[in-house]
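Colleague: Enclosed is the structure file model_0.pdb (PDB, C-alpha atoms and all ligand atoms).
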```pdb
ATOM      1  CA  MET A   1       7.887  30.905  33.899
ATOM      2  CA  LEU A   2      11.322  29.902  32.675
ATOM      3  CA  ALA A   3      13.661  27.556  34.557
ATOM      4  CA  GLN A   4      17.123  26.120  33.927
ATOM      5  CA  THR A   5      16.876  22.385  34.292
ATOM      6  CA  SER A   6      18.321  19.169  32.912
ATOM      7  CA  PHE A   7      17.073  15.999  31.294
ATOM      8  CA  ASN A   8      19.183  12.818  31.339
ATOM      9  CA  GLY A   9      22.175  14.993  32.160
ATOM     10  CA  GLN A  10      21.541  17.461  29.324
ATOM     11  CA  PRO A  11      21.110  21.142  30.289
ATOM     12  CA  CYS A  12      17.683  22.409  29.285
ATOM     13  CA  VAL A  13      15.346  25.327  29.692
ATOM     14  CA  ASP A  14      11.766  24.669  30.741
ATOM     15  CA  LEU A  15       9.045  27.135  29.891
ATOM     16  CA  ALA A  16       5.717  26.681  31.680
ATOM     17  CA  LEU A  17       2.423  28.555  31.653
ATOM     18  CA  PRO A  18       0.420  28.913  34.895
ATOM     19  CA  ALA A  19      -2.283  26.617  33.458
ATOM     20  CA  GLY A  20       0.279  23.829  32.963
ATOM     21  CA  ASP A  21       1.344  23.927  29.304
ATOM     22  CA  ARG A  22       5.074  23.243  29.223
ATOM     23  CA  VAL A  23       7.915  23.047  26.709
ATOM     24  CA  ARG A  24      11.424  21.698  27.379
ATOM     25  CA  ILE A  25      14.370  22.664  25.170
ATOM     26  CA  ALA A  26      17.881  21.167  25.367
ATOM     27  CA  LEU A  27      20.786  23.581  24.863
ATOM     28  CA  HIS A  28      22.323  20.860  22.677
ATOM     29  CA  GLY A  29      20.916  21.767  19.283
ATOM     30  CA  ALA A  30      18.228  24.096  20.742
ATOM     31  CA  HIS A  31      16.348  20.836  20.524
ATOM     32  CA  VAL A  32      12.738  20.876  21.727
ATOM     33  CA  LEU A  33      12.451  17.611  23.669
ATOM     34  CA  SER A  34       8.924  17.822  25.001
ATOM     35  CA  TRP A  35       5.713  19.800  24.719
ATOM     36  CA  THR A  36       2.887  18.933  27.087
ATOM     37  CA  THR A  37      -0.463  20.662  27.149
ATOM     38  CA  ALA A  38      -2.352  21.583  30.335
ATOM     39  CA  ASP A  39      -4.160  18.209  30.258
ATOM     40  CA  GLY A  40      -0.780  16.530  30.779
ATOM     41  CA  VAL A  41      -0.696  15.033  27.265
ATOM     42  CA  GLU A  42       2.716  14.872  25.566
ATOM     43  CA  ARG A  43       2.381  16.121  22.004
ATOM     44  CA  LEU A  44       5.845  15.268  20.636
ATOM     45  CA  TYR A  45       7.589  11.941  20.220
ATOM     46  CA  LEU A  46      11.006  11.540  21.842
ATOM     47  CA  SER A  47      12.603   8.141  21.350
ATOM     48  CA  PRO A  48      13.266   6.337  24.651
ATOM     49  CA  LYS A  49      16.549   5.262  23.020
ATOM     50  CA  ALA A  50      17.567   8.775  21.909
ATOM     51  CA  HIS A  51      21.285   9.504  22.330
ATOM     52  CA  LEU A  52      21.389  12.232  24.964
ATOM     53  CA  ASP A  53      25.172  12.571  25.121
ATOM     54  CA  GLY A  54      25.697  16.193  24.138
ATOM     55  CA  HIS A  55      27.311  15.203  20.819
ATOM     56  CA  SER A  56      24.918  13.091  18.770
ATOM     57  CA  PRO A  57      21.735  14.225  17.058
ATOM     58  CA  ILE A  58      18.699  13.546  19.244
ATOM     59  CA  ARG A  59      15.996  11.235  17.862
ATOM     60  CA  GLY A  60      12.613  12.878  18.317
ATOM     61  CA  GLY A  61      11.294  16.230  19.512
ATOM     62  CA  VAL A  62      12.208  18.996  17.070
ATOM     63  CA  PRO A  63      15.687  18.780  15.530
ATOM     64  CA  ILE A  64      16.781  21.932  13.658
ATOM     65  CA  CYS A  65      18.262  21.093  10.250
ATOM     66  CA  PHE A  66      20.500  24.038   9.249
ATOM     67  CA  PRO A  67      22.244  25.077   7.022
ATOM     68  CA  GLN A  68      21.326  22.127   4.880
ATOM     69  CA  PHE A  69      18.618  19.496   4.688
ATOM     70  CA  ASN A  70      19.643  15.827   4.614
ATOM     71  CA  GLN A  71      22.749  15.327   2.461
ATOM     72  CA  ARG A  72      22.018  17.726  -0.319
ATOM     73  CA  VAL A  73      25.416  19.384  -0.051
ATOM     74  CA  LEU A  74      25.376  23.116  -0.654
ATOM     75  CA  ALA A  75      27.980  24.088  -3.260
ATOM     76  CA  GLY A  76      31.298  22.616  -2.253
ATOM     77  CA  GLN A  77      30.696  22.523   1.500
ATOM     78  CA  PRO A  78      31.257  19.240   3.340
ATOM     79  CA  LEU A  79      28.293  19.645   5.638
ATOM     80  CA  PRO A  80      27.060  16.740   7.754
ATOM     81  CA  LYS A  81      23.595  15.293   7.191
ATOM     82  CA  HIS A  82      20.988  17.884   8.228
ATOM     83  CA  GLY A  83      23.752  20.433   8.883
ATOM     84  CA  PHE A  84      25.310  21.276  12.235
ATOM     85  CA  ALA A  85      22.740  23.298  14.193
ATOM     86  CA  ARG A  86      21.344  20.165  15.825
ATOM     87  CA  THR A  87      24.707  19.133  17.260
ATOM     88  CA  GLN A  88      26.056  22.488  18.451
ATOM     89  CA  PRO A  89      25.811  23.887  21.987
ATOM     90  CA  TRP A  90      23.345  26.802  21.986
ATOM     91  CA  THR A  91      22.929  29.332  24.802
ATOM     92  CA  ALA A  92      19.754  30.502  26.486
ATOM     93  CA  ASP A  93      19.159  34.239  26.928
ATOM     94  CA  ALA A  94      19.356  35.223  30.600
ATOM     95  CA  GLN A  95      16.696  37.888  30.068
ATOM     96  CA  GLN A  96      13.836  36.291  28.188
ATOM     97  CA  PRO A  97      11.366  38.328  26.115
ATOM     98  CA  GLY A  98       7.665  37.657  25.719
ATOM     99  CA  GLY A  99       6.221  38.227  29.207
ATOM    100  CA  GLY A 100       6.889  34.719  30.472
ATOM    101  CA  HIS A 101       5.623  32.744  27.506
ATOM    102  CA  GLU A 102       8.723  32.766  25.304
ATOM    103  CA  ALA A 103      12.151  31.152  25.486
ATOM    104  CA  CYS A 104      14.982  32.167  23.168
ATOM    105  CA  LEU A 105      18.185  30.217  22.451
ATOM    106  CA  ARG A 106      21.111  31.403  20.356
ATOM    107  CA  LEU A 107      23.951  30.080  18.226
ATOM    108  CA  ALA A 108      26.718  32.072  16.542
ATOM    109  CA  ALA A 109      29.502  31.065  14.149
ATOM    110  CA  SER A 110      32.432  29.469  15.972
ATOM    111  CA  ALA A 111      35.673  27.683  15.123
ATOM    112  CA  ALA A 112      33.667  24.434  14.993
ATOM    113  CA  THR A 113      31.082  25.749  12.508
ATOM    114  CA  ARG A 114      33.667  27.618  10.383
ATOM    115  CA  ALA A 115      35.601  24.374   9.953
ATOM    116  CA  ILE A 116      32.678  22.906   7.986
ATOM    117  CA  TRP A 117      30.811  26.018   6.772
ATOM    118  CA  PRO A 118      32.968  29.109   6.279
ATOM    119  CA  HIS A 119      30.338  31.735   7.056
ATOM    120  CA  GLU A 120      29.589  34.225   9.818
ATOM    121  CA  PHE A 121      26.098  34.096  11.246
ATOM    122  CA  GLU A 122      23.951  34.528  14.332
ATOM    123  CA  ALA A 123      20.898  32.307  14.725
ATOM    124  CA  SER A 124      18.126  32.051  17.284
ATOM    125  CA  LEU A 125      15.260  29.748  18.086
ATOM    126  CA  THR A 126      12.283  31.239  19.910
ATOM    127  CA  ALA A 127       9.612  29.013  21.405
ATOM    128  CA  SER A 128       6.311  30.828  22.027
ATOM    129  CA  LEU A 129       3.825  28.987  24.180
ATOM    130  CA  GLU A 130       0.094  29.578  24.563
ATOM    131  CA  ALA A 131      -2.689  27.279  25.738
ATOM    132  CA  GLY A 132      -2.687  24.370  23.275
ATOM    133  CA  ARG A 133      -0.288  26.097  20.919
ATOM    134  CA  LEU A 134       3.468  26.090  20.292
ATOM    135  CA  ARG A 135       5.206  28.284  17.754
ATOM    136  CA  LEU A 136       8.889  27.770  16.926
ATOM    137  CA  THR A 137      10.635  30.622  15.121
ATOM    138  CA  PHE A 138      14.117  30.247  13.643
ATOM    139  CA  GLU A 139      15.943  33.451  12.757
ATOM    140  CA  VAL A 140      19.345  33.899  11.153
ATOM    141  CA  THR A 141      21.458  36.969  10.355
ATOM    142  CA  ASN A 142      24.435  37.072   8.030
ATOM    143  CA  THR A 143      27.093  38.814  10.148
ATOM    144  CA  GLY A 144      29.845  38.301   7.556
ATOM    145  CA  THR A 145      30.931  40.111   4.406
ATOM    146  CA  GLU A 146      29.905  37.481   1.820
ATOM    147  CA  PRO A 147      26.432  36.204   0.950
ATOM    148  CA  PHE A 148      25.553  32.629   1.885
ATOM    149  CA  ALA A 149      22.830  30.150   0.954
ATOM    150  CA  PHE A 150      21.115  27.796   3.351
ATOM    151  CA  ALA A 151      18.300  25.275   3.686
ATOM    152  CA  LEU A 152      16.264  24.762   6.845
ATOM    153  CA  ALA A 153      13.874  22.214   8.299
ATOM    154  CA  LEU A 154      12.121  22.175  11.658
ATOM    155  CA  HIS A 155      12.049  18.372  11.756
ATOM    156  CA  THR A 156       9.083  17.985  14.139
ATOM    157  CA  TYR A 157       8.263  14.503  15.471
ATOM    158  CA  LEU A 158       4.538  14.572  16.299
ATOM    159  CA  ARG A 159       3.325  11.914  18.701
ATOM    160  CA  THR A 160       0.548   9.635  17.536
ATOM    161  CA  PRO A 161      -1.061   6.686  19.336
ATOM    162  CA  ASP A 162      -1.024   4.559  16.166
ATOM    163  CA  ILE A 163       0.522   5.430  12.806
ATOM    164  CA  SER A 164      -1.752   2.955  11.011
ATOM    165  CA  ARG A 165      -4.767   5.038  12.126
ATOM    166  CA  THR A 166      -3.111   8.429  11.569
ATOM    167  CA  ARG A 167      -4.110  10.670   8.668
ATOM    168  CA  LEU A 168      -2.687  13.899   7.266
ATOM    169  CA  ASP A 169      -4.920  16.335   5.425
ATOM    170  CA  GLY A 170      -3.903  19.220   3.161
ATOM    171  CA  LEU A 171      -1.450  17.776   0.658
ATOM    172  CA  SER A 172      -3.841  16.609  -2.112
ATOM    173  CA  GLY A 173      -2.800  17.613  -5.609
ATOM    174  CA  LEU A 174       0.657  18.826  -4.590
ATOM    175  CA  ALA A 175       3.879  17.843  -6.330
ATOM    176  CA  PHE A 176       6.358  15.939  -4.205
ATOM    177  CA  TRP A 177       9.665  14.121  -4.318
ATOM    178  CA  ASP A 178       9.270  10.530  -3.132
ATOM    179  CA  ALA A 179      12.645   9.945  -1.494
ATOM    180  CA  VAL A 180      11.830   6.276  -0.794
ATOM    181  CA  GLU A 181      11.216   5.417  -4.448
ATOM    182  CA  HIS A 182      13.499   8.004  -6.096
ATOM    183  CA  ILE A 183      16.313   8.531  -3.607
ATOM    184  CA  HIS A 184      18.857   9.174  -6.368
ATOM    185  CA  GLN A 185      16.535  11.298  -8.520
ATOM    186  CA  PRO A 186      15.605  14.334  -6.386
ATOM    187  CA  ALA A 187      14.285  16.171  -9.448
ATOM    188  CA  LEU A 188      11.534  13.579 -10.111
ATOM    189  CA  ARG A 189       8.029  14.564  -9.004
ATOM    190  CA  LYS A 190       4.830  12.698  -8.236
ATOM    191  CA  THR A 191       1.428  14.251  -7.590
ATOM    192  CA  GLN A 192      -0.363  13.527  -4.329
ATOM    193  CA  PRO A 193      -3.734  11.882  -5.093
ATOM    194  CA  PRO A 194      -6.932  13.342  -3.583
ATOM    195  CA  GLY A 195      -7.872  12.350  -0.048
ATOM    196  CA  LEU A 196      -6.157  12.022   3.287
ATOM    197  CA  LEU A 197      -2.585  10.744   3.445
ATOM    198  CA  ALA A 198      -2.328   7.417   5.313
ATOM    199  CA  PHE A 199       0.819   5.562   6.371
ATOM    200  CA  ALA A 200       1.687   1.957   5.613
ATOM    201  CA  GLY A 201       5.423   1.394   5.478
ATOM    202  CA  GLU A 202       8.234   3.861   4.955
ATOM    203  CA  THR A 203       7.278   7.395   3.906
ATOM    204  CA  ASP A 204       9.841  10.073   3.042
ATOM    205  CA  SER A 205       8.334  12.831   0.894
ATOM    206  CA  VAL A 206       9.201  16.453   0.223
ATOM    207  CA  TYR A 207       6.206  18.559  -0.851
ATOM    208  CA  GLU A 208       6.757  21.893  -2.555
ATOM    209  CA  ALA A 209       4.797  25.091  -2.114
ATOM    210  CA  VAL A 210       2.320  23.867   0.472
ATOM    211  CA  PRO A 211      -0.371  26.572   0.493
ATOM    212  CA  ALA A 212      -2.421  26.006   3.662
ATOM    213  CA  PRO A 213      -2.204  24.545   7.161
ATOM    214  CA  LEU A 214      -2.191  20.758   7.443
ATOM    215  CA  GLU A 215      -4.195  18.700   9.885
ATOM    216  CA  MET A 216      -2.989  15.508  11.459
ATOM    217  CA  SER A 217      -5.642  13.299  13.022
ATOM    218  CA  ALA A 218      -5.476  10.046  14.955
ATOM    219  CA  PRO A 219      -7.781   8.417  17.513
ATOM    220  CA  GLY A 220      -8.290  10.914  20.326
ATOM    221  CA  THR A 221      -5.949  13.553  18.994
ATOM    222  CA  GLY A 222      -5.569  16.148  16.300
ATOM    223  CA  MET A 223      -3.095  18.869  15.386
ATOM    224  CA  ARG A 224      -3.171  21.813  12.997
ATOM    225  CA  ILE A 225       0.283  22.485  11.555
ATOM    226  CA  SER A 226       0.992  25.826   9.934
ATOM    227  CA  GLN A 227       4.138  27.583   8.831
ATOM    228  CA  SER A 228       5.436  30.913   7.563
ATOM    229  CA  ALA A 229       5.463  31.685   3.829
ATOM    230  CA  SER A 230       9.261  31.791   4.102
ATOM    231  CA  LEU A 231       9.130  28.002   4.672
ATOM    232  CA  PRO A 232       7.313  26.823   1.530
ATOM    233  CA  ASP A 233       8.068  23.085   1.741
ATOM    234  CA  VAL A 234       6.799  20.253   3.949
ATOM    235  CA  VAL A 235       8.606  16.986   4.611
ATOM    236  CA  VAL A 236       6.581  13.992   5.783
ATOM    237  CA  TRP A 237       8.659  11.167   7.247
ATOM    238  CA  ASN A 238       7.960   7.877   8.943
ATOM    239  CA  PRO A 239      10.611   5.147   8.758
ATOM    240  CA  GLY A 240       8.147   2.245   8.827
ATOM    241  CA  ALA A 241       8.952  -0.999  10.670
ATOM    242  CA  GLN A 242      11.864  -2.130   8.501
ATOM    243  CA  ARG A 243      13.914   1.082   8.439
ATOM    244  CA  CYS A 244      13.059   1.721  12.084
ATOM    245  CA  ALA A 245      14.695  -1.610  12.960
ATOM    246  CA  LEU A 246      17.946  -0.261  11.446
ATOM    247  CA  LEU A 247      17.980   2.856  13.650
ATOM    248  CA  ASP A 248      19.966   2.170  16.809
ATOM    249  CA  ASP A 249      18.256   5.044  18.643
ATOM    250  CA  MET A 250      14.688   3.856  18.049
ATOM    251  CA  PRO A 251      12.794   1.010  19.719
ATOM    252  CA  ALA A 252      11.354  -1.559  17.303
ATOM    253  CA  ASP A 253       7.845  -0.093  17.592
ATOM    254  CA  GLY A 254       8.968   3.569  17.644
ATOM    255  CA  TYR A 255       7.758   4.215  14.097
ATOM    256  CA  ALA A 256       4.184   3.393  15.218
ATOM    257  CA  HIS A 257       4.077   6.373  17.600
ATOM    258  CA  MET A 258       5.514   9.211  15.523
ATOM    259  CA  LEU A 259       4.988  11.177  12.373
ATOM    260  CA  CYS A 260       7.442  13.833  11.257
ATOM    261  CA  VAL A 261       5.744  16.816   9.643
ATOM    262  CA  GLU A 262       8.531  19.268   8.917
ATOM    263  CA  ALA A 263       8.304  22.928   7.945
ATOM    264  CA  ALA A 264      11.147  23.461   5.520
ATOM    265  CA  ARG A 265      12.931  25.458   2.886
ATOM    266  CA  ILE A 266      14.681  22.908   0.688
ATOM    267  CA  GLU A 267      13.888  23.232  -2.993
ATOM    268  CA  SER A 268      15.045  26.846  -3.293
ATOM    269  CA  PRO A 269      17.715  27.554  -0.678
ATOM    270  CA  GLN A 270      17.557  31.019   0.845
ATOM    271  CA  VAL A 271      20.364  33.411  -0.055
ATOM    272  CA  LEU A 272      21.248  35.919   2.655
ATOM    273  CA  ALA A 273      23.290  39.023   1.847
ATOM    274  CA  PRO A 274      25.702  40.500   4.439
ATOM    275  CA  GLY A 275      23.733  42.217   7.200
ATOM    276  CA  GLN A 276      20.441  40.618   6.152
ATOM    277  CA  SER A 277      18.191  38.624   8.470
ATOM    278  CA  TRP A 278      15.626  35.941   7.707
ATOM    279  CA  SER A 279      13.103  34.092   9.811
ATOM    280  CA  GLY A 280      10.729  31.158   9.457
ATOM    281  CA  TRP A 281       8.290  29.490  11.838
ATOM    282  CA  GLN A 282       6.165  26.421  12.382
ATOM    283  CA  GLU A 283       3.100  26.493  14.607
ATOM    284  CA  LEU A 284       1.411  23.486  16.189
ATOM    285  CA  ARG A 285      -2.116  23.910  17.498
ATOM    286  CA  VAL A 286      -3.973  21.140  19.272
ATOM    287  CA  LEU A 287      -7.442  20.403  17.941
ATOM    288  CA  LEU A 288     -10.032  19.077  20.329
ATOM    289  CA  ALA A 289     -10.345  15.304  20.143
ATOM    290  CA  SER A 290     -13.920  15.751  18.927
ATOM    291  CA  GLN A 291     -12.613  17.806  15.983
ATOM    292  CA  ALA A 292      -9.892  15.359  15.095
TER     293      ALA A 292
HETATM  294  O1  LIG B   1      13.370  14.445   6.972
HETATM  295  C1  LIG B   1      13.401  13.143   6.527
HETATM  296  C2  LIG B   1      14.827  12.634   6.604
HETATM  297  O2  LIG B   1      15.680  13.411   5.825
HETATM  298  C3  LIG B   1      14.820  11.160   6.191
HETATM  299  O3  LIG B   1      15.410  10.931   4.940
HETATM  300  C4  LIG B   1      15.512  10.457   7.339
HETATM  301  O4  LIG B   1      16.824  10.216   7.109
HETATM  302  C5  LIG B   1      15.243  11.418   8.478
HETATM  303  O5  LIG B   1      15.298  12.710   7.948
HETATM  304  C6  LIG B   1      16.048  11.284   9.763
HETATM  305  O6  LIG B   1      17.359  11.656   9.605
HETATM  306  P1  LIG B   1      18.378  11.446  10.811
HETATM  307  O7  LIG B   1      19.698  11.965  10.314
HETATM  308  O8  LIG B   1      17.873  12.241  11.970
HETATM  309  O9  LIG B   1      18.391   9.971  11.091
END
```
Is it possible to give me this structure as structure tokens?
Modeller:
Amino acid sequence: MLAQTSFNGQPCVDLALPAGDRVRIALHGAHVLSWTTADGVERLYLSPKAHLDGHSPIRGGVPICFPQFNQRVLAGQPLPKHGFARTQPWTADAQQPGGGHEACLRLAASAATRAIWPHEFEASLTASLEAGRLRLTFEVTNTGTEPFAFALALHTYLRTPDISRTRLDGLSGLAFWDAVEHIHQPALRKTQPPGLLAFAGETDSVYEAVPAPLEMSAPGTGMRISQSASLPDVVVWNPGAQRCALLDDMPADGYAHMLCVEAARIESPQVLAPGQSWSGWQELRVLLASQA
């Protein structure tokens, strides 16, 4: 069932399954704010200090980074950090597809987007909900007469009870850019050592060509994270205590309860010819606590 609602004054759509699984999406940024499973457990982290003012980026949930990731400016375009999709007003389809388990929001080029990115496009975000599973699909069509290039990240903030006891499996042996150590050298690569990834301090890494689903585990919880082949990269981000203290929209201990695992296309931006469409998705599937 789909309902128009609001959260802290922000218009939202709520999608709920009869068994109780529920996802809440703000029209501002098509930003997924919350995903709770039928057991009432919140699976995403939303900062209690997030700016919910209809203008600022929202800290937590699932920000959409489009048409660029971070501040890697695409040829000559003065795009803001992480692009503009996360700060634009999206619209929710009145007639929703998917037999009551999907919600679709849309964004098209406007005077505001053309002022910073001179391209014509139509984009959508579709949230598909099943028991213990959320899939987010981003689709974009070039409705103009010139090709354009873009990057994308679904910047998912997973909730964890304790980052110091959280592990991420599936990245061993992969090349990555360590943006903490080599912020000004994005071409430098390290190789992820064997074993589970653990978190002590700031982590900001972009992994290329991630071949298989990842698994996050923490006491009492676990999540399988998979993504479409069209999104080959994974970003893993946790600000750690020191950087967290510099973020005005995070509580001091916020870093301890979140881990961003982002499905992305960064290293080789996608080029879209006029009339062409492209889509990419990330899927989150809850693992039983006993499997975590
Ligand atoms: O995805 C990781 C990252 O690019 C980090 O470098 C960090 O800046 C983070 O995103 C959050 O960015 P934001 O603009 O939302 O504060």
Colleague: Show me which residues are within 10 Å of ligand LIG 1 (chain B) counting only C-alpha atoms and all ligand atoms, and format the list as a ChimeraX atom specification.
Modeller: /A:56-60,63-65,69-72,80-83,86,153-157,179-180,183,202-206,234-239,243-244,247-250,260-264
Colleague: Rounded to one decimal, what separation in Å do you get between atom CA of Pro118 of chain A and atom CA of Phe84 of chain A?
Modeller: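 Between atom CA of Pro118 of chain A and atom CA of Phe84 of chain A the gap is 12.5 Å.
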Colleague: Which residues of segment 57-150 of chain A come within 12 Å of segment 216-230 of chain A, and what is each one's closest atom pair and distance in Å (one decimal), counting only C-alpha atoms, sorted by chain and residue number, as JSON lines?
Modeller:
```
{"residue": "A:Gly132", "atom": "CA", "partner": "A:Met223", "partner_atom": "CA", "distance": 9.6}
{"residue": "A:Arg133", "atom": "CA", "partner": "A:Arg224", "partner_atom": "CA", "distance": 9.5}
{"residue": "A:Leu134", "atom": "CA", "partner": "A:Ile225", "partner_atom": "CA", "distance": 10.0}
{"residue": "A:Arg135", "atom": "CA", "partner": "A:Gln227", "partner_atom": "CA", "distance": 9.0}
{"residue": "A:Leu136", "atom": "CA", "partner": "A:Gln227", "partner_atom": "CA", "distance": 9.4}
{"residue": "A:Thr137", "atom": "CA", "partner": "A:Ser228", "partner_atom": "CA", "distance": 9.2}
{"residue": "A:Phe138", "atom": "CA", "partner": "A:Ser228", "partner_atom": "CA", "distance": 10.6}
{"residue": "A:Glu139", "atom": "CA", "partner": "A:Ser230", "partner_atom": "CA", "distance": 11.1}
```
Colleague: Decode the PyMOL selection byres (((chain A and resi 208) around 12) and not hetatm) for the given file into explicit residues and return them as JSON, numbers by chain.
Modeller: {"A": [171, 172, 173, 174, 175, 176, 177, 178, 187, 189, 190, 191, 192, 205, 206, 207, 209, 210, 211, 212, 229, 231, 232, 233, 234, 235, 236, 262, 263, 264, 265, 266, 267, 268]}
Colleague: Thr37 of chain A: which residues within 7 Å, counting only C-alpha atoms, same-chain residues fewer than 2 positions away excluded, as an MDAnalysis selection string?
Modeller: chainID A and resid 20:22 35 39:42 132
Colleague: As an exercise, work out the distance from atom CA of Ser279 of chain A to atom CA of His101 of chain A in Å and give it to one decimal place.
Modeller: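 It comes out at 19.3 Å.
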Colleague: Just how far from atom CA of Gly201 of chain A is atom CA of Pro161 of chain A, in Å to one decimal?
Modeller: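 Between these atoms lies a distance of 16.2 Å.
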Colleague: Give the answer as one residue: which of A:Gly100, A:Leu33, A:Ile163, A:Thr87 has the shortest atom-to-atom distance to Ser6 of chain A, using all atoms listed in the file?
Modeller: A:Leu33
Colleague: Between A:Pro251, A:His182, A:Gly240, A:Gly280, single out the one closest to Ala123 of chain A, counting all atoms listed in the file.
Modeller: A:Gly280
